[in-house]
4 protein chains.
Amino acid sequence: MKKLFILSLLIIAAGFSLNGQHRINNLPNLPGYVTLKCDFHMHTIFSDGNVWPTYRLFEAIRDGLDAFAITDHIEYSPKKDYVPVDHNAAWKIIETSAKEYDIILVHGAEITRDMPPGHMNALFIQDATLLAVDSAYNAIEAAVKQGAFIQWNHPGWKSQEPDGIPKLYDLHKRLLKNGWINGIEFFNDSESYPSIIDWCKQYNLAVMGNSDVHGIISESYPKPQYTNRPMTLVFAKERTSASLKEAMFAGRTLVWFGDTLGGKVEYAKPFFYQSISVSKPYYGNSKNKYFEVTNKSDIPYYLANGPEGAPASITLAANSITRIVLSKKTAAPLVYDVKNILTGEKSVLKVELKK
Amino acid sequence: MKKLFILSLLIIAAGFSLNGQHRINNLPNLPGYVTLKCDFHMHTIFSDGNVWPTYRLFEAIRDGLDAFAITDHIEYSPKKDYVPVDHNAAWKIIETSAKEYDIILVHGAEITRDMPPGHMNALFIQDATLLAVDSAYNAIEAAVKQGAFIQWNHPGWKSQEPDGIPKLYDLHKRLLKNGWINGIEFFNDSESYPSIIDWCKQYNLAVMGNSDVHGIISESYPKPQYTNRPMTLVFAKERTSASLKEAMFAGRTLVWFGDTLGGKVEYAKPFFYQSISVSKPYYGNSKNKYFEVTNKSDIPYYLANGPEGAPASITLAANSITRIVLSKKTAAPLVYDVKNILTGEKSVLKVELKK
Amino acid sequence: MKKLFILSLLIIAAGFSLNGQHRINNLPNLPGYVTLKCDFHMHTIFSDGNVWPTYRLFEAIRDGLDAFAITDHIEYSPKKDYVPVDHNAAWKIIETSAKEYDIILVHGAEITRDMPPGHMNALFIQDATLLAVDSAYNAIEAAVKQGAFIQWNHPGWKSQEPDGIPKLYDLHKRLLKNGWINGIEFFNDSESYPSIIDWCKQYNLAVMGNSDVHGIISESYPKPQYTNRPMTLVFAKERTSASLKEAMFAGRTLVWFGDTLGGKVEYAKPFFYQSISVSKPYYGNSKNKYFEVTNKSDIPYYLANGPEGAPASITLAANSITRIVLSKKTAAPLVYDVKNILTGEKSVLKVELKK
Amino acid sequence: MKKLFILSLLIIAAGFSLNGQHRINNLPNLPGYVTLKCDFHMHTIFSDGNVWPTYRLFEAIRDGLDAFAITDHIEYSPKKDYVPVDHNAAWKIIETSAKEYDIILVHGAEITRDMPPGHMNALFIQDATLLAVDSAYNAIEAAVKQGAFIQWNHPGWKSQEPDGIPKLYDLHKRLLKNGWINGIEFFNDSESYPSIIDWCKQYNLAVMGNSDVHGIISESYPKPQYTNRPMTLVFAKERTSASLKEAMFAGRTLVWFGDTLGGKVEYAKPFFYQSISVSKPYYGNSKNKYFEVTNKSDIPYYLANGPEGAPASITLAANSITRIVLSKKTAAPLVYDVKNILTGEKSVLKVELKK
């Protein structure tokens, strides 16, 4: 019962150890940019989630996130008989602690409507109460007026799109024309919508990935089955809130969940090459030469469709060194498909292993 | 985002899977009684906990508890700027669900005072708001009038007893004389107070063990380090709320945390013997005979101080069969101390292995 | 270095703890029979395996096997430059220890030939050296003369059957006619050949499942991905070598690997019903009734294709209790397919849940 | 059964996947030196171990070792009834494979005598059969003539030193005078002998740590309890056999097991400072400043006895970033004891955290 009445240590009183320690992120930076791990979609008891906001902060720190947003529903308050509606509550409760723990807290909310437009997260807002207006269009406008980044959530959610296929309705086209959609979720929890990469390329949007967690991260994505929650990797000029926002509006993102990366080729390709290095041959005999590929990232890469004389497939496990045996007769470049880097509905990244 | 708007399945909307499935409890019954797994001390966002009450129900079902109580503080409401004080809220929110999941929900609250008397859980109450009165004595009286079982919590908590030693103050003696203390915590979270077994024997009280969880059970007691939260094993005539209450007032309990059991010899001894069985020798040679001891409980037993010619110590792992090799010269009975069954401040259970 | 020179404790000197302790097997017996966990296909350094026989004994005890056989290749001795060929070596080395640890050691060897007949394990032999003869037929005959049970191993192994499909060649038909094939492997390591159940029914053979381990069991089938090695469950009158042999010749077996059971309906059906029990309803409201199904076995059951008004699919996790919610309108019997009990190439067991 | 008859892939036939993949070692180099992970004490079936030499190679590759030695006993051959004595067998069997997998194989053997001198590993030999001579002194001499590095194994092994205390006998002093002892084991399996650091300083010897494995590494040091086997970290000019040998004779080593490092201050100190980096303050308020310490090594550091106003103890978890909160009033340097870096029988490393 050591947890109570230690008021100056509010967070310890929370029943978990918010000690600010987390594992090093082994994710490569891109040239000119730092890679920020982010989750922009979470719920608390201030809508239909099951935890107090401080606990979301604890999870974010432990998981080594650089930035996160709590995005409680504006239009859905199932606990209102016990908890008065306050759309800014989560933000107010953890704003100071986030600074003390060196994590970027993005003020957010989820505009929760029928399809179209479906659910839209407003990120980088100042006051969520202004989003509580009748029409979806006006709610989004109220967010945009605050400088918000608008993220279209789970566009193929089967409760709203029974066939699971994301569709651009007239309202979406109008919002896009206004510049009022700035990103679309590729990953929402364990669901994925690879087809939206095409729209992101066409309209210059950010490809987004988030947990949409309502319960407990460690129970929703238990180790060792899962290595990480779904997240967005943002390539920012600096690790600041302003830089993060600039990068998101510029569409410089990839998404990561489990062992799958997704996003635009222009970011996926340098991310892969920054992750790996290829050694010179360390040994040879009459038939073969032997060399190593080092993958210094937290993400494994599954290479397939290799050329004649080379291994047909290679797994470059995360944070690991892999030996390659190559026939001395092999002349073709070592071009492979990376099966777990999705760059479109049916396309994966193509790479070459070379010293 | 499948979690929202499925109102008829409120619990799935909670972000975790409340499917009512749990592992079989391998805990022996005592002759004439069923063994009930119970945790009578938990917090939610209605005092200083971090989760919604439904989540506590989910944890209790998953952990295979037979009964539990949410016991939010009466006098401590650190979230009251956002959550209006309602001492019965947790109970009201999950009362119906508990029935549907066949788990006994005990209505409770924590009377939270300076020492003496310290913190006292009132269990089996009808209305917690009646406990919000000025004097600790009157608060306890208000609980007793509702038929409450009064549990003295963490009697040696260092924030209230800097030397960590539980003490009987005059107020406690007065309460005991009234019959207003009915149990004392031996285990509170990872703290233990073995000395209270003596008072429980003297005053015929129940030895209690509880989690006092504020955060997340699976993160507070992670597997494989921990096999279980701290809990009270109650030996009831039937698996009903009324029987549970009768057994607690009669003091028929043991406590269990990790690999440690604690309590009165009269319950510890039959619990051990109901857990194990000893085989006939299955093999012998000129020097030794070989037999097996089966421990069909979820609790390991660490036997020490064996007689000459027998193993000095034996670990009877949980749910396991252990081979014993005995010199044919051994004549002494196989009497051992069970190091992890505490029956007092400095005493452990003594047992004999025999066919 | 405590491992050396303790000659009377040879097994501790082995560098692992052969303490004779293992978890209780929660596998139901069939009426009139005890269920024996067996693995009849393993290798050591006496052919192309990588461990000393004592280590196989250690693994078998730890895994709670009732019986096992080491079946080194007769015709393949890749280590013979360092280890002289001795087809009975493994047996001799561990025969006495097996008795002390109460495990049935079956003397075996693998007759290792091109297809047909492929590889055949001879089990319950007395002298493996007599199997080292020129023709495959004569080798099998030499085993049969010793009373051997002949098991056809991995009948669809792609090194011998490139399409992976087991085939009955003339030689097999001749052996079957002689009664010289008594069982066929359904599971060999992670490969399975469900089609052989039909032959087992037609010729009254035992369905067999084995690890064929060459390396380390705990690394080949690591937890938590795997709960067990591939094995044969034999339904014997008693837990003796003679009873085991009688049961195998009578074809009373099922096979188990991971979460999959396979074999004849006549054994699969009572095994399922001995595993589970269905409670009376414990609760009801205007719409639904609530009851529980207990699965007290180590094997989960995946039920599918339920009737209208009942859950379409139900997972009865191993050693667990599962809540079922049933519409009061449901009149149809609760008939399900058990997706993970294979009773033929394309058939699964059909069961009914009833009190 | 895919394991057999694929003769060109002998190692796959071994029943485990020798794919040459391992995790990146996050161990810092020292200025001018590369850090090599080494285990110089292992057994196979060619003495009293339980595995074939190829399996030791597999384990070494998987564990990311840079160098290892198999050191079967010269004088103890308990399997000789089945396996003819060949002291060079393990070396011959895996010599070529080691090259193909880019791991340094050190030819070794264990001279196995009563105390004094006890057991002595001869490393970097050419022919182990020459060590099979009558007197211990002559056996060591025969090794030294081959240029061997002589390691005194488990000097306080209780089978030879019942009080567990390593002692320098006359024979040891004579060997030391000759330069015929070059290193002493600090770690042997889970035993440790910290007092030998003093002798290593006095006689300029290498502090050694090894597994002395007889069974299976992954079962002897199971994760998550253990992160690594006991090993020697050697600071070599290059990653070659010659450089390794030079470094060992020069005494440039530390030892590592679990979360404990041991060795001479001159190597322990730079190893610690190369492991960590301290950030500038990232935040401050009226009372405190906040900064981070990054530990980019696989070894945690437990800091204790901090100065007034700073945390009394700090855990710098492996591969992790730790937040530090410091009172603005703290003027003292942040000097700590590193409790898990042993630099003598009763001394630990003292360090300062500074930007």
# chains A, B, ... in the order shown; residues from 1 in each chain; ligands from 1

call {"tool": "interface_residues", "arguments": {"of": "chain C", "to": "chain B", "cutoff": "6 Å", "atoms": "only C-alpha atoms", "output": "PDB file with all heavy atoms, in the first residue's frame"}}
result
ATOM      1  N   GLY C  20      14.507 -36.775 -12.550  1.00  0.00           N
ATOM      2  CA  GLY C  20      13.327 -37.619 -12.524  1.00  0.00           C
ATOM      3  C   GLY C  20      12.047 -36.873 -12.236  1.00  0.00           C
ATOM      4  O   GLY C  20      11.072 -37.475 -11.800  1.00  0.00           O
ATOM      5  N   GLN C  21      12.042 -35.574 -12.448  1.00  0.00           N
ATOM      6  CA  GLN C  21      10.836 -34.802 -12.175  1.00  0.00           C
ATOM      7  C   GLN C  21      10.210 -34.359 -13.485  1.00  0.00           C
ATOM      8  O   GLN C  21      10.918 -33.943 -14.401  1.00  0.00           O
ATOM      9  CB  GLN C  21      11.198 -33.575 -11.344  1.00  0.00           C
ATOM     10  CG  GLN C  21       9.984 -32.845 -10.807  1.00  0.00           C
ATOM     11  CD  GLN C  21      10.386 -31.771  -9.813  1.00  0.00           C
ATOM     12  OE1 GLN C  21      10.956 -30.762 -10.182  1.00  0.00           O
ATOM     13  NE2 GLN C  21      10.097 -31.993  -8.547  1.00  0.00           N
ATOM     14  N   HIS C  22       8.912 -34.451 -13.569  1.00  0.00           N
ATOM     15  CA  HIS C  22       8.230 -33.968 -14.773  1.00  0.00           C
ATOM     16  C   HIS C  22       6.809 -33.558 -14.415  1.00  0.00           C
ATOM     17  O   HIS C  22       6.269 -33.962 -13.383  1.00  0.00           O
ATOM     18  CB  HIS C  22       8.211 -35.043 -15.859  1.00  0.00           C
ATOM     19  CG  HIS C  22       7.391 -36.241 -15.503  1.00  0.00           C
ATOM     20  ND1 HIS C  22       6.042 -36.319 -15.773  1.00  0.00           N
ATOM     21  CD2 HIS C  22       7.720 -37.395 -14.894  1.00  0.00           C
ATOM     22  CE1 HIS C  22       5.588 -37.478 -15.332  1.00  0.00           C
ATOM     23  NE2 HIS C  22       6.577 -38.145 -14.779  1.00  0.00           N
ATOM     24  N   ARG C  23       6.239 -32.764 -15.283  1.00  0.00           N
ATOM     25  CA  ARG C  23       4.873 -32.317 -15.047  1.00  0.00           C
ATOM     26  C   ARG C  23       3.892 -33.478 -15.184  1.00  0.00           C
ATOM     27  O   ARG C  23       4.122 -34.437 -15.912  1.00  0.00           O
ATOM     28  CB  ARG C  23       4.476 -31.220 -16.045  1.00  0.00           C
ATOM     29  CG  ARG C  23       5.105 -29.872 -15.724  1.00  0.00           C
ATOM     30  CD  ARG C  23       4.572 -28.785 -16.628  1.00  0.00           C
ATOM     31  NE  ARG C  23       3.174 -28.476 -16.345  1.00  0.00           N
ATOM     32  CZ  ARG C  23       2.760 -27.657 -15.375  1.00  0.00           C
ATOM     33  NH1 ARG C  23       3.631 -27.054 -14.573  1.00  0.00           N
ATOM     34  NH2 ARG C  23       1.484 -27.424 -15.199  1.00  0.00           N
ATOM     35  N   ILE C  24       2.795 -33.395 -14.463  1.00  0.00           N
ATOM     36  CA  ILE C  24       1.713 -34.364 -14.604  1.00  0.00           C
ATOM     37  C   ILE C  24       1.168 -34.304 -16.029  1.00  0.00           C
ATOM     38  O   ILE C  24       0.999 -33.228 -16.584  1.00  0.00           O
ATOM     39  CB  ILE C  24       0.588 -34.043 -13.590  1.00  0.00           C
ATOM     40  CG1 ILE C  24       1.088 -34.249 -12.152  1.00  0.00           C
ATOM     41  CG2 ILE C  24      -0.664 -34.852 -13.874  1.00  0.00           C
ATOM     42  CD1 ILE C  24       0.114 -33.757 -11.083  1.00  0.00           C
ATOM     43  N   ASN C 319      -6.635 -27.447 -20.454  1.00  0.00           N
ATOM     44  CA  ASN C 319      -6.678 -27.271 -18.995  1.00  0.00           C
ATOM     45  C   ASN C 319      -7.448 -26.020 -18.592  1.00  0.00           C
ATOM     46  O   ASN C 319      -7.050 -25.303 -17.673  1.00  0.00           O
ATOM     47  CB  ASN C 319      -5.254 -27.195 -18.429  1.00  0.00           C
ATOM     48  CG  ASN C 319      -4.517 -28.504 -18.595  1.00  0.00           C
ATOM     49  OD1 ASN C 319      -4.962 -29.535 -18.125  1.00  0.00           O
ATOM     50  ND2 ASN C 319      -3.392 -28.466 -19.286  1.00  0.00           N
ATOM     51  N   SER C 320      -8.545 -25.765 -19.279  1.00  0.00           N
ATOM     52  CA  SER C 320      -9.267 -24.511 -19.075  1.00  0.00           C
ATOM     53  C   SER C 320     -10.769 -24.730 -19.030  1.00  0.00           C
ATOM     54  O   SER C 320     -11.281 -25.774 -19.432  1.00  0.00           O
ATOM     55  CB  SER C 320      -8.944 -23.531 -20.211  1.00  0.00           C
ATOM     56  OG  SER C 320      -7.604 -23.120 -20.130  1.00  0.00           O
ATOM     57  N   ILE C 321     -11.417 -23.700 -18.522  1.00  0.00           N
ATOM     58  CA  ILE C 321     -12.863 -23.681 -18.407  1.00  0.00           C
ATOM     59  C   ILE C 321     -13.369 -22.562 -19.310  1.00  0.00           C
ATOM     60  O   ILE C 321     -12.862 -21.439 -19.246  1.00  0.00           O
ATOM     61  CB  ILE C 321     -13.278 -23.452 -16.942  1.00  0.00           C
ATOM     62  CG1 ILE C 321     -12.810 -24.631 -16.093  1.00  0.00           C
ATOM     63  CG2 ILE C 321     -14.775 -23.235 -16.811  1.00  0.00           C
ATOM     64  CD1 ILE C 321     -12.926 -24.412 -14.588  1.00  0.00           C
ATOM     65  N   THR C 322     -14.345 -22.870 -20.151  1.00  0.00           N
ATOM     66  CA  THR C 322     -14.827 -21.913 -21.140  1.00  0.00           C
ATOM     67  C   THR C 322     -16.313 -21.663 -20.938  1.00  0.00           C
ATOM     68  O   THR C 322     -17.101 -22.609 -20.853  1.00  0.00           O
ATOM     69  CB  THR C 322     -14.587 -22.460 -22.557  1.00  0.00           C
ATOM     70  OG1 THR C 322     -13.198 -22.703 -22.727  1.00  0.00           O
ATOM     71  CG2 THR C 322     -15.083 -21.488 -23.617  1.00  0.00           C
ATOM     72  N   ARG C 323     -16.677 -20.401 -20.852  1.00  0.00           N
ATOM     73  CA  ARG C 323     -18.075 -20.022 -20.704  1.00  0.00           C
ATOM     74  C   ARG C 323     -18.772 -20.056 -22.062  1.00  0.00           C
ATOM     75  O   ARG C 323     -18.222 -19.600 -23.058  1.00  0.00           O
ATOM     76  CB  ARG C 323     -18.142 -18.601 -20.140  1.00  0.00           C
ATOM     77  CG  ARG C 323     -19.547 -18.129 -19.849  1.00  0.00           C
ATOM     78  CD  ARG C 323     -19.513 -16.665 -19.438  1.00  0.00           C
ATOM     79  NE  ARG C 323     -19.477 -15.815 -20.608  1.00  0.00           N
ATOM     80  CZ  ARG C 323     -20.180 -14.699 -20.749  1.00  0.00           C
ATOM     81  NH1 ARG C 323     -20.948 -14.275 -19.774  1.00  0.00           N
ATOM     82  NH2 ARG C 323     -20.086 -13.985 -21.840  1.00  0.00           N
TER      83      ARG C 323
END

call {"tool": "closest_residue", "arguments": {"among": "B:Ser297, B:Ser347, B:Thr240, B:Thr260", "to": "B:Val34", "atoms": "only C-alpha atoms"}}
result
B:Thr240

call {"tool": "residues_around", "arguments": {"residues": "C:His87", "least_positions_apart": "5", "cutoff": "12 Å", "atoms": "only C-alpha atoms", "output": "PyMOL selection string"}}
result
(chain C and resi 43-47+70-77+80+92-93+107-111+125-132) or (chain D and resi 82)

call {"tool": "select_by_dssp", "arguments": {"residues": "stretch 123-276 of chain D", "states": "strand (DSSP E)", "output": "PyMOL selection string"}}
result
chain D and resi 123+149-152+183-188+191-192+206-210+231-236+253-257+260-263+276

call {"tool": "residues_around", "arguments": {"residues": "C:Lys37", "least_positions_apart": "2", "cutoff": "12 Å", "atoms": "only C-alpha atoms", "output": "PDB file with C-alpha atoms, in the first residue's frame"}}
result
ATOM      1  CA  ILE C  24       1.713 -34.364 -14.604  1.00  0.00           C
ATOM      2  CA  ASN C  25       0.306 -35.510 -17.938  1.00  0.00           C
ATOM      3  CA  ASN C  26      -3.249 -34.278 -18.288  1.00  0.00           C
ATOM      4  CA  LEU C  27      -4.286 -36.768 -20.933  1.00  0.00           C
ATOM      5  CA  PRO C  28      -7.420 -38.784 -20.292  1.00  0.00           C
ATOM      6  CA  ASN C  29      -7.374 -42.544 -20.107  1.00  0.00           C
ATOM      7  CA  VAL C  34      -4.221 -46.207 -19.597  1.00  0.00           C
ATOM      8  CA  THR C  35      -2.843 -43.619 -22.000  1.00  0.00           C
ATOM      9  CA  ASP C  39       8.181 -41.441 -28.941  1.00  0.00           C
ATOM     10  CA  PHE C  40       9.506 -44.355 -30.999  1.00  0.00           C
ATOM     11  CA  ALA C  60      12.190 -38.425 -22.256  1.00  0.00           C
ATOM     12  CA  ILE C  61      11.898 -38.231 -18.464  1.00  0.00           C
ATOM     13  CA  ASP C  63       8.893 -34.584 -21.094  1.00  0.00           C
ATOM     14  CA  GLY C  64       6.919 -37.119 -19.086  1.00  0.00           C
ATOM     15  CA  LEU C  65       7.102 -39.897 -21.668  1.00  0.00           C
ATOM     16  CA  ASP C  66       5.998 -43.332 -20.541  1.00  0.00           C
ATOM     17  CA  ALA C  67       7.991 -45.135 -23.223  1.00  0.00           C
ATOM     18  CA  PHE C  68      10.555 -44.383 -25.914  1.00  0.00           C
ATOM     19  CA  ALA C  69      12.904 -46.029 -28.366  1.00  0.00           C
ATOM     20  CA  ILE C 103      10.325 -45.333 -18.011  1.00  0.00           C
ATOM     21  CA  ILE C 104       9.784 -48.101 -20.570  1.00  0.00           C
ATOM     22  CA  MET C 208       2.146 -43.495 -35.266  1.00  0.00           C
ATOM     23  CA  GLY C 209       3.669 -40.091 -34.428  1.00  0.00           C
ATOM     24  CA  ASN C 210       7.311 -39.499 -33.506  1.00  0.00           C
ATOM     25  CA  ASN C 228       5.172 -30.939 -27.051  1.00  0.00           C
ATOM     26  CA  ARG C 229       7.231 -33.017 -29.420  1.00  0.00           C
ATOM     27  CA  PRO C 230       5.332 -35.221 -31.892  1.00  0.00           C
ATOM     28  CA  MET C 231       4.303 -38.387 -30.099  1.00  0.00           C
ATOM     29  CA  THR C 232       2.179 -41.506 -30.120  1.00  0.00           C
ATOM     30  CA  LEU C 233      -0.508 -41.975 -27.481  1.00  0.00           C
ATOM     31  CA  VAL C 234      -0.944 -45.686 -26.852  1.00  0.00           C
ATOM     32  CA  PHE C 235      -3.976 -47.066 -25.008  1.00  0.00           C
ATOM     33  CA  ALA C 236      -2.595 -50.013 -23.050  1.00  0.00           C
ATOM     34  CA  ARG C 239       1.807 -49.416 -17.972  1.00  0.00           C
ATOM     35  CA  LEU C 244       2.437 -51.467 -24.577  1.00  0.00           C
ATOM     36  CA  THR C 253      -3.167 -45.308 -30.761  1.00  0.00           C
ATOM     37  CA  LEU C 254      -3.639 -41.655 -31.532  1.00  0.00           C
ATOM     38  CA  VAL C 255      -0.918 -39.189 -32.505  1.00  0.00           C
ATOM     39  CA  TRP C 256      -0.353 -35.738 -31.039  1.00  0.00           C
ATOM     40  CA  PHE C 257       1.797 -32.807 -32.125  1.00  0.00           C
TER      41      PHE C 257
END

call {"tool": "select_by_dssp", "arguments": {"residues": "stretch 127-182 of chain B", "states": "helix (DSSP H, G or I)", "output": "NGL selection string"}}
result
:B and (128-131 or 136-144 or 170-178)

call {"tool": "residues_around", "arguments": {"residues": "D:Glu219", "least_positions_apart": "3", "cutoff": "9 Å", "atoms": "only C-alpha atoms", "output": "list in words"}}
result
Phe16 and Ser218 of chain C; Gly215, Ile216, Pro222 and Lys223 of chain D

call {"tool": "residues_around", "arguments": {"residues": "stretch 179-192 of chain A", "least_positions_apart": "4", "cutoff": "10 Å", "atoms": "only C-alpha atoms", "output": "number ranges by chain"}}
result
A: 41, 120-122, 137, 140-141, 143-144, 148-157, 164, 172-175, 196-197, 199-200, 203-213, 220-221, 229-232, 248-251, 253-258, 261-263; B: 1-2

call {"tool": "residues_around", "arguments": {"residues": "C:Asp198", "least_positions_apart": "4", "cutoff": "8 Å", "atoms": "only C-alpha atoms", "output": "list of chain:residue names"}}
result
C:Gln202, C:Gly344, C:Glu345

call {"tool": "atom_distance", "arguments": {"atom1": "atom CA of B:Ser286", "atom2": "atom CA of C:Thr54"}}
result
22.6 Å

call {"tool": "atom_distance", "arguments": {"atom1": "atom CA of D:Asp81", "atom2": "atom CA of C:Arg113"}}
result
29.0 Å

call {"tool": "atom_distance", "arguments": {"atom1": "atom CA of D:Lys201", "atom2": "atom CA of D:Asp163"}}
result
23.5 Å

call {"tool": "decode", "arguments": {"residues": "stretch 56-62 of chain D", "atoms": "all heavy atoms", "output": "PDB file, in the first residue's frame"}}
result
ATOM      1  N   ARG D  56      28.678 -28.133 -30.700  1.00  0.00           N
ATOM      2  CA  ARG D  56      29.356 -27.024 -29.993  1.00  0.00           C
ATOM      3  C   ARG D  56      29.609 -25.857 -30.948  1.00  0.00           C
ATOM      4  O   ARG D  56      29.504 -24.689 -30.567  1.00  0.00           O
ATOM      5  CB  ARG D  56      30.690 -27.496 -29.402  1.00  0.00           C
ATOM      6  CG  ARG D  56      30.545 -28.468 -28.257  1.00  0.00           C
ATOM      7  CD  ARG D  56      30.196 -27.758 -26.963  1.00  0.00           C
ATOM      8  NE  ARG D  56      29.954 -28.720 -25.892  1.00  0.00           N
ATOM      9  CZ  ARG D  56      28.739 -28.921 -25.332  1.00  0.00           C
ATOM     10  NH1 ARG D  56      27.698 -28.213 -25.693  1.00  0.00           N
ATOM     11  NH2 ARG D  56      28.607 -29.808 -24.373  1.00  0.00           N
ATOM     12  N   LEU D  57      29.961 -26.187 -32.195  1.00  0.00           N
ATOM     13  CA  LEU D  57      30.145 -25.128 -33.192  1.00  0.00           C
ATOM     14  C   LEU D  57      28.832 -24.379 -33.414  1.00  0.00           C
ATOM     15  O   LEU D  57      28.801 -23.142 -33.445  1.00  0.00           O
ATOM     16  CB  LEU D  57      30.649 -25.747 -34.499  1.00  0.00           C
ATOM     17  CG  LEU D  57      30.743 -24.800 -35.699  1.00  0.00           C
ATOM     18  CD1 LEU D  57      31.765 -23.693 -35.457  1.00  0.00           C
ATOM     19  CD2 LEU D  57      31.088 -25.576 -36.968  1.00  0.00           C
ATOM     20  N   PHE D  58      27.751 -25.121 -33.570  1.00  0.00           N
ATOM     21  CA  PHE D  58      26.442 -24.497 -33.749  1.00  0.00           C
ATOM     22  C   PHE D  58      26.115 -23.543 -32.603  1.00  0.00           C
ATOM     23  O   PHE D  58      25.707 -22.396 -32.813  1.00  0.00           O
ATOM     24  CB  PHE D  58      25.357 -25.582 -33.851  1.00  0.00           C
ATOM     25  CG  PHE D  58      23.985 -25.111 -33.509  1.00  0.00           C
ATOM     26  CD1 PHE D  58      23.260 -24.301 -34.388  1.00  0.00           C
ATOM     27  CD2 PHE D  58      23.399 -25.436 -32.286  1.00  0.00           C
ATOM     28  CE1 PHE D  58      21.991 -23.847 -34.067  1.00  0.00           C
ATOM     29  CE2 PHE D  58      22.138 -24.980 -31.958  1.00  0.00           C
ATOM     30  CZ  PHE D  58      21.432 -24.183 -32.851  1.00  0.00           C
ATOM     31  N   GLU D  59      26.317 -24.006 -31.386  1.00  0.00           N
ATOM     32  CA  GLU D  59      26.026 -23.151 -30.222  1.00  0.00           C
ATOM     33  C   GLU D  59      26.881 -21.890 -30.237  1.00  0.00           C
ATOM     34  O   GLU D  59      26.418 -20.791 -29.920  1.00  0.00           O
ATOM     35  CB  GLU D  59      26.288 -23.914 -28.919  1.00  0.00           C
ATOM     36  CG  GLU D  59      25.326 -25.045 -28.632  1.00  0.00           C
ATOM     37  CD  GLU D  59      25.655 -25.747 -27.313  1.00  0.00           C
ATOM     38  OE1 GLU D  59      26.852 -26.032 -27.052  1.00  0.00           O
ATOM     39  OE2 GLU D  59      24.736 -26.017 -26.537  1.00  0.00           O
ATOM     40  N   ALA D  60      28.156 -22.055 -30.572  1.00  0.00           N
ATOM     41  CA  ALA D  60      29.077 -20.916 -30.550  1.00  0.00           C
ATOM     42  C   ALA D  60      28.666 -19.866 -31.583  1.00  0.00           C
ATOM     43  O   ALA D  60      28.687 -18.661 -31.312  1.00  0.00           O
ATOM     44  CB  ALA D  60      30.501 -21.406 -30.804  1.00  0.00           C
ATOM     45  N   ILE D  61      28.268 -20.329 -32.773  1.00  0.00           N
ATOM     46  CA  ILE D  61      27.834 -19.391 -33.816  1.00  0.00           C
ATOM     47  C   ILE D  61      26.560 -18.683 -33.373  1.00  0.00           C
ATOM     48  O   ILE D  61      26.442 -17.463 -33.446  1.00  0.00           O
ATOM     49  CB  ILE D  61      27.603 -20.159 -35.136  1.00  0.00           C
ATOM     50  CG1 ILE D  61      28.925 -20.710 -35.662  1.00  0.00           C
ATOM     51  CG2 ILE D  61      26.927 -19.264 -36.159  1.00  0.00           C
ATOM     52  CD1 ILE D  61      28.742 -21.719 -36.783  1.00  0.00           C
ATOM     53  N   ARG D  62      25.595 -19.453 -32.933  1.00  0.00           N
ATOM     54  CA  ARG D  62      24.310 -18.875 -32.514  1.00  0.00           C
ATOM     55  C   ARG D  62      24.509 -17.833 -31.414  1.00  0.00           C
ATOM     56  O   ARG D  62      23.844 -16.789 -31.399  1.00  0.00           O
ATOM     57  CB  ARG D  62      23.396 -19.992 -32.004  1.00  0.00           C
ATOM     58  CG  ARG D  62      22.044 -19.506 -31.515  1.00  0.00           C
ATOM     59  CD  ARG D  62      21.431 -20.557 -30.607  1.00  0.00           C
ATOM     60  NE  ARG D  62      22.294 -20.810 -29.463  1.00  0.00           N
ATOM     61  CZ  ARG D  62      22.208 -21.874 -28.669  1.00  0.00           C
ATOM     62  NH1 ARG D  62      21.300 -22.794 -28.911  1.00  0.00           N
ATOM     63  NH2 ARG D  62      23.026 -22.016 -27.638  1.00  0.00           N
TER      64      ARG D  62
END
